[in-house]
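Reading through the structure tokens given below for one structure.
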Amino acid sequence: MVGIITYGVYIPRYRIKVEEIAKVWGANASDITGGLGVFEKSVPDLDEDTATIAVEAARNALLRRNIDPVKIGAVYVGSESHPYAVKPTACTVGEAIGSTPRMMAADFEFACKAGTAGIQTCMGLAKSNMIEYGFAIGSDVAQGAPSDALEYTAAAGGAAFLIGRQDPIARINHTCSFTTDTPDFWRREGQDYPRHGGRFTGDPGYFKHVEGASRLMLEELGKSAKDYDYAVFHQPNAKFPQKVAKTLGFSIDQIKPGLVVPRLGNTYSGSCMIGLAATLDIAKAGDRIFVCSFGSGAGSDAFDISVTDVIESADFNRASAPSVEFLLKNPVYIQYAQYAKHKGKIVMQE
Amino acid sequence: MSVARFWRKIPQRYNLIGTVCKTCGRHFFPPRSFCPDCRRSGEIVEYKFKGTGTVVTHTIIRTASDQFEDLTPYALAIIKLDEGPRITAQIVCTPEDVKIGMRVKGTFRRIAADGASGVIYYGTKYVPDE
């Protein structure tokens with residue numbers, strides 16, 4: 001059975017509070033935090049980007065389990081902020097973890113669900129014996145235009161999941177996707193920031209697709225929300241995942257361990273995957289996890305996951321890489337001017 | 001830096017690939033193909049450094065060259081890797097927090113870029129490991 005062999009996360013240490021951004025634009029911070037349920041977001045260091053975050057997440061995954069990197073036959077990096085328009089981030093990651101040259105590689109783009117699309121691709125390759133292991137990585141230094149609603153949540157971070165057949169820490173029992181052509185959020189070629197349809201991103205975008213993929217999964221497996229110990233949904237803010245969880249019958253206790261957005265922000269391709277990693281950080285053998293990502297454009301990938309005994313065995317050492325909780329602790333808070341410099345929002349003289 | 005010069009050193013920049021003399025156990029970074037101690041009886045093989053070490057000495061750069069001026073002030077240190085060789089590298093933290101004897105570990109970072117349209121140079125910097 002194909003599943004997760006190991007996983008790792010990386011979150012930059014800088015944070016900016018929602019009040020600090022609101023202060024600059026004359027907005028009411030309590031209205032924003034009350035509406036979004038997000039209080040602060042991560043900010044990349046001056047020398048961090050999607051590639052460095054992806055490498056650190058993948059290296060953290062390899063710290064937890066003794067895997068020969070040469071046996072990693074595929075590296076797929078999902079992001080909407082790849083450092084190059086043409087030159088794959090996946091090649092840099094492959095080189096930095098020692099998996100080159102005999103590996104497949106590509107960069108994926110599907111708004112916030114490109115990383116989970118990578119998991120599905122690696123599942124197919126592993127299941128058909130084309131590879132022994134494959135890395136699926138979701139990593140972003142998310143963009144939000146100054147004063148736009150996205151600026152309050154667009155964050156930086158990433159998660160890497162190594163997919164394979166041999167002794168997974170968590171079996172992926174089933175996956176399915178729900179995809180339509182929905183222009184809820186987009187970024188045209190050459191544009192620095194994405195645009196979105198405001199409230200149109202809710203019902204026709206997030207809720208239609210997350211509910212669509214989730215219901216499809218539950219129907220195909222003949223299961224309901226009560227059959228799961230935990231659930232993780234894409235989290236562009238704290239309100240959407242809580243609302244969709246309630247609609248589908250999941251309780252707040254089931255989604256709480258994976259709901260990282262209030263202290264992290266929306267890490268786009270990393271969002272749902274970091275939520276899954278936070279859940280695996282506390283999961284026990286036998287736990288069943290429901291996962292559903294969302295990417296604007298639009299689509300959702302749902303996964304049914306069973307945690308195995310291997311997660312508690314000597315073959316796997318969770319403590320040898322930082323947990324999501326550890327990475328969220330002790331941040332360095334910065335002001336808007338420093339944030340603008342870190343994000344390259346200040347136009348410099350050539 | 002030319003693209004070719006960066007590309008040739010990717011194993012060293014990303015993964016600290018050096019060499020070790022199997023005869024005497026001395027490690028080399030950057031890699032050497034000849035052991036100056038064992039000479040003809042030396043046997044040199046490739047070695048991947050662990051990436052951990054100790055700060056030997058450091059300085060704070062406040063006026064940097066064009067490529068690094070956005071990063072100022074930043075700490076630059078001589079680090080003694082656990083296997084022996086010393087390297088010069090940036091420590092990513094509040095510069096005033098860097099101390100002699102401080103334990104550090106490697107982290108993958110963007111080192112520089114050839115302007116807005118040129119190649120991005122990635123490599124290893126260091127972060128506190130205490």
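A note on labels: chains of the structure tokens are A, B, ... as shown, every chain counts residues from 1, and ligands are counted from 1 in their shown order.
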
Might you pull out every residue within 8 Å of Ala277 in chain A, with only C-alpha atoms counted and same-chain residues fewer than 4 positions away left off, and present them as a compact mmCIF listing (two decimals) with C-alpha atoms, in the first residue's frame?
# COMPACT_ATOMS: atom_id res chain seq x y z
CA TYR A 7 7.56 14.29 6.21
CA GLY A 8 9.18 17.59 7.09
CA VAL A 9 8.21 21.24 7.42
CA ALA A 159 6.06 20.95 3.72
CA GLY A 258 -4.19 20.86 11.84
CA MET A 273 0.26 20.14 3.84
CA ASP A 281 3.14 15.46 14.73
CA VAL A 324 5.16 22.50 13.33

Report as a PyMOL selection string the set of chain A residues whose atoms approach chain B to within 9 Å, with distances computed over only C-alpha atoms.
chain A and resi 46-49+51-53+55-56+83-84+92+95-98+341+350

Please dump the current selection as a short mmCIF file (atom, residue, chain, number, x, y, z; two decimals), in the first residue's frame; keep N, CA, C and O atoms.
data_model
loop_
_atom_site.label_atom_id
_atom_site.label_comp_id
_atom_site.auth_asym_id
_atom_site.auth_seq_id
_atom_site.Cartn_x
_atom_site.Cartn_y
_atom_site.Cartn_z
N LEU A 46 15.36 37.74 4.17
CA LEU A 46 15.79 38.41 2.93
C LEU A 46 16.38 37.41 1.93
O LEU A 46 16.34 37.65 0.72
N ASP A 47 16.95 36.32 2.44
CA ASP A 47 17.60 35.35 1.55
C ASP A 47 16.82 34.03 1.48
O ASP A 47 17.39 32.98 1.19
N GLU A 48 15.53 34.08 1.76
CA GLU A 48 14.70 32.87 1.65
C GLU A 48 13.71 33.02 0.51
O GLU A 48 13.17 34.12 0.29
N ASP A 49 13.47 31.94 -0.19
CA ASP A 49 12.44 31.92 -1.23
C ASP A 49 11.84 30.52 -1.28
O ASP A 49 12.14 29.67 -0.43
N ALA A 51 12.45 28.02 -3.14
CA ALA A 51 13.43 26.94 -3.28
C ALA A 51 14.11 26.64 -1.94
O ALA A 51 14.26 25.47 -1.56
N THR A 52 14.52 27.68 -1.20
CA THR A 52 15.23 27.43 0.07
C THR A 52 14.27 26.78 1.09
O THR A 52 14.67 25.90 1.84
N ILE A 53 13.01 27.21 1.07
CA ILE A 53 12.00 26.63 1.99
C ILE A 53 11.76 25.16 1.63
O ILE A 53 11.69 24.29 2.50
N VAL A 55 13.82 23.11 0.10
CA VAL A 55 15.02 22.32 0.47
C VAL A 55 15.03 22.03 1.97
O VAL A 55 15.24 20.89 2.40
N GLU A 56 14.77 23.04 2.78
CA GLU A 56 14.80 22.84 4.24
C GLU A 56 13.70 21.86 4.68
O GLU A 56 13.93 21.03 5.56
N PRO A 83 10.98 30.68 -7.88
CA PRO A 83 11.91 31.80 -8.09
C PRO A 83 12.17 32.13 -9.56
O PRO A 83 12.46 33.27 -9.89
N TYR A 84 12.10 31.12 -10.41
CA TYR A 84 12.29 31.34 -11.85
C TYR A 84 10.98 31.09 -12.58
O TYR A 84 10.21 30.20 -12.20
N THR A 92 16.79 22.16 -8.17
CA THR A 92 17.58 22.68 -7.06
C THR A 92 17.37 21.82 -5.81
O THR A 92 18.32 21.46 -5.12
N GLU A 95 19.11 18.40 -6.23
CA GLU A 95 20.57 18.52 -6.06
C GLU A 95 20.92 18.69 -4.57
O GLU A 95 21.87 18.08 -4.07
N ALA A 96 20.14 19.50 -3.87
CA ALA A 96 20.44 19.81 -2.46
C ALA A 96 20.19 18.63 -1.52
O ALA A 96 20.73 18.61 -0.42
N ILE A 97 19.37 17.67 -1.94
CA ILE A 97 19.15 16.49 -1.08
C ILE A 97 19.92 15.27 -1.60
O ILE A 97 19.83 14.19 -1.02
N GLY A 98 20.67 15.45 -2.69
CA GLY A 98 21.53 14.37 -3.18
C GLY A 98 20.80 13.31 -3.99
O GLY A 98 21.25 12.16 -4.04
N LYS A 341 10.55 45.36 2.93
CA LYS A 341 11.90 45.07 2.43
C LYS A 341 12.08 43.56 2.21
O LYS A 341 12.57 43.12 1.17
N GLU A 350 18.30 50.82 -9.67
CA GLU A 350 19.12 49.78 -10.33
C GLU A 350 20.60 50.11 -10.23
O GLU A 350 20.97 51.26 -10.34
#

Do you know which residues are at most 9 Å from range 102-108 of chain A counting only C-alpha atoms, after dropping those on the same chain fewer than 6 positions away, and could you put them as a list in words?
Val70, Lys71, Ile72, Gly73, Ala74, Val75, Tyr76, Val77, Gly78, Ser79, Glu80, His82, Lys87, Pro88, Thr89, Ala90, Cys91, Gly94, Ala114, Gly115, Ala117, Gly118, Ile131 and Gly134 of chain A

Which residues come within 10 Å of range 56-59 of chain B, counting only C-alpha atoms, excluding same-chain residues fewer than 2 positions away, as a list in words?
Gly53, Thr54, Ile61, Arg62, Tyr74, Ala75, Leu76, Ala77, Ile78, Ile79, Lys80, Leu81, Arg86, Ile87, Thr88, Ala89, Gln90, Ile91, Pro95, Glu96, Val98, Lys99, Ile100, Gly101, Met102 and Arg103 of chain B

Would you output that residue set with C-alpha atoms, as a PDB file, in the first residue's frame?
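Wrote it out as result-v5.pdb, contents follow:
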ATOM      1  CA  GLY B  53      30.665  23.520  13.586  1.00  0.00           C
ATOM      2  CA  THR B  54      31.791  26.196  16.049  1.00  0.00           C
ATOM      3  CA  ILE B  61      29.463  43.750   8.069  1.00  0.00           C
ATOM      4  CA  ARG B  62      27.822  47.172   7.906  1.00  0.00           C
ATOM      5  CA  TYR B  74      25.029  40.833   8.905  1.00  0.00           C
ATOM      6  CA  ALA B  75      27.455  38.584  10.741  1.00  0.00           C
ATOM      7  CA  LEU B  76      30.317  36.957   8.893  1.00  0.00           C
ATOM      8  CA  ALA B  77      32.246  34.267  10.761  1.00  0.00           C
ATOM      9  CA  ILE B  78      35.108  31.842  10.506  1.00  0.00           C
ATOM     10  CA  ILE B  79      33.573  28.493  11.429  1.00  0.00           C
ATOM     11  CA  LYS B  80      35.552  25.425  12.428  1.00  0.00           C
ATOM     12  CA  LEU B  81      33.634  22.494  11.005  1.00  0.00           C
ATOM     13  CA  ARG B  86      37.643  26.235   8.734  1.00  0.00           C
ATOM     14  CA  ILE B  87      35.339  28.111   6.391  1.00  0.00           C
ATOM     15  CA  THR B  88      34.120  31.694   6.142  1.00  0.00           C
ATOM     16  CA  ALA B  89      30.342  32.076   5.993  1.00  0.00           C
ATOM     17  CA  GLN B  90      27.402  34.244   6.987  1.00  0.00           C
ATOM     18  CA  ILE B  91      25.566  33.494  10.239  1.00  0.00           C
ATOM     19  CA  PRO B  95      24.380  39.944  14.342  1.00  0.00           C
ATOM     20  CA  GLU B  96      24.921  40.920  17.990  1.00  0.00           C
ATOM     21  CA  VAL B  98      26.885  35.751  17.446  1.00  0.00           C
ATOM     22  CA  LYS B  99      29.508  34.665  19.987  1.00  0.00           C
ATOM     23  CA  ILE B 100      32.903  32.962  19.772  1.00  0.00           C
ATOM     24  CA  GLY B 101      32.443  29.272  20.575  1.00  0.00           C
ATOM     25  CA  MET B 102      28.784  29.303  19.483  1.00  0.00           C
ATOM     26  CA  ARG B 103      27.524  26.083  17.862  1.00  0.00           C
TER      27      ARG B 103
END

Pick out each residue of chain B that DSSP on the backbone tags as strand (DSSP E); I need them as an MDAnalysis selection string.
chainID B and resid 17:21 27:28 44:48 52:61 74:81 86:91 103:113 120:128

Taking the backbone alone, and naming residues the way the document does, which bits of range 104-216 of chain A are alpha helix (DSSP H) by DSSP, as a PyMOL selection string?
chain A and resi 114-127+208-216
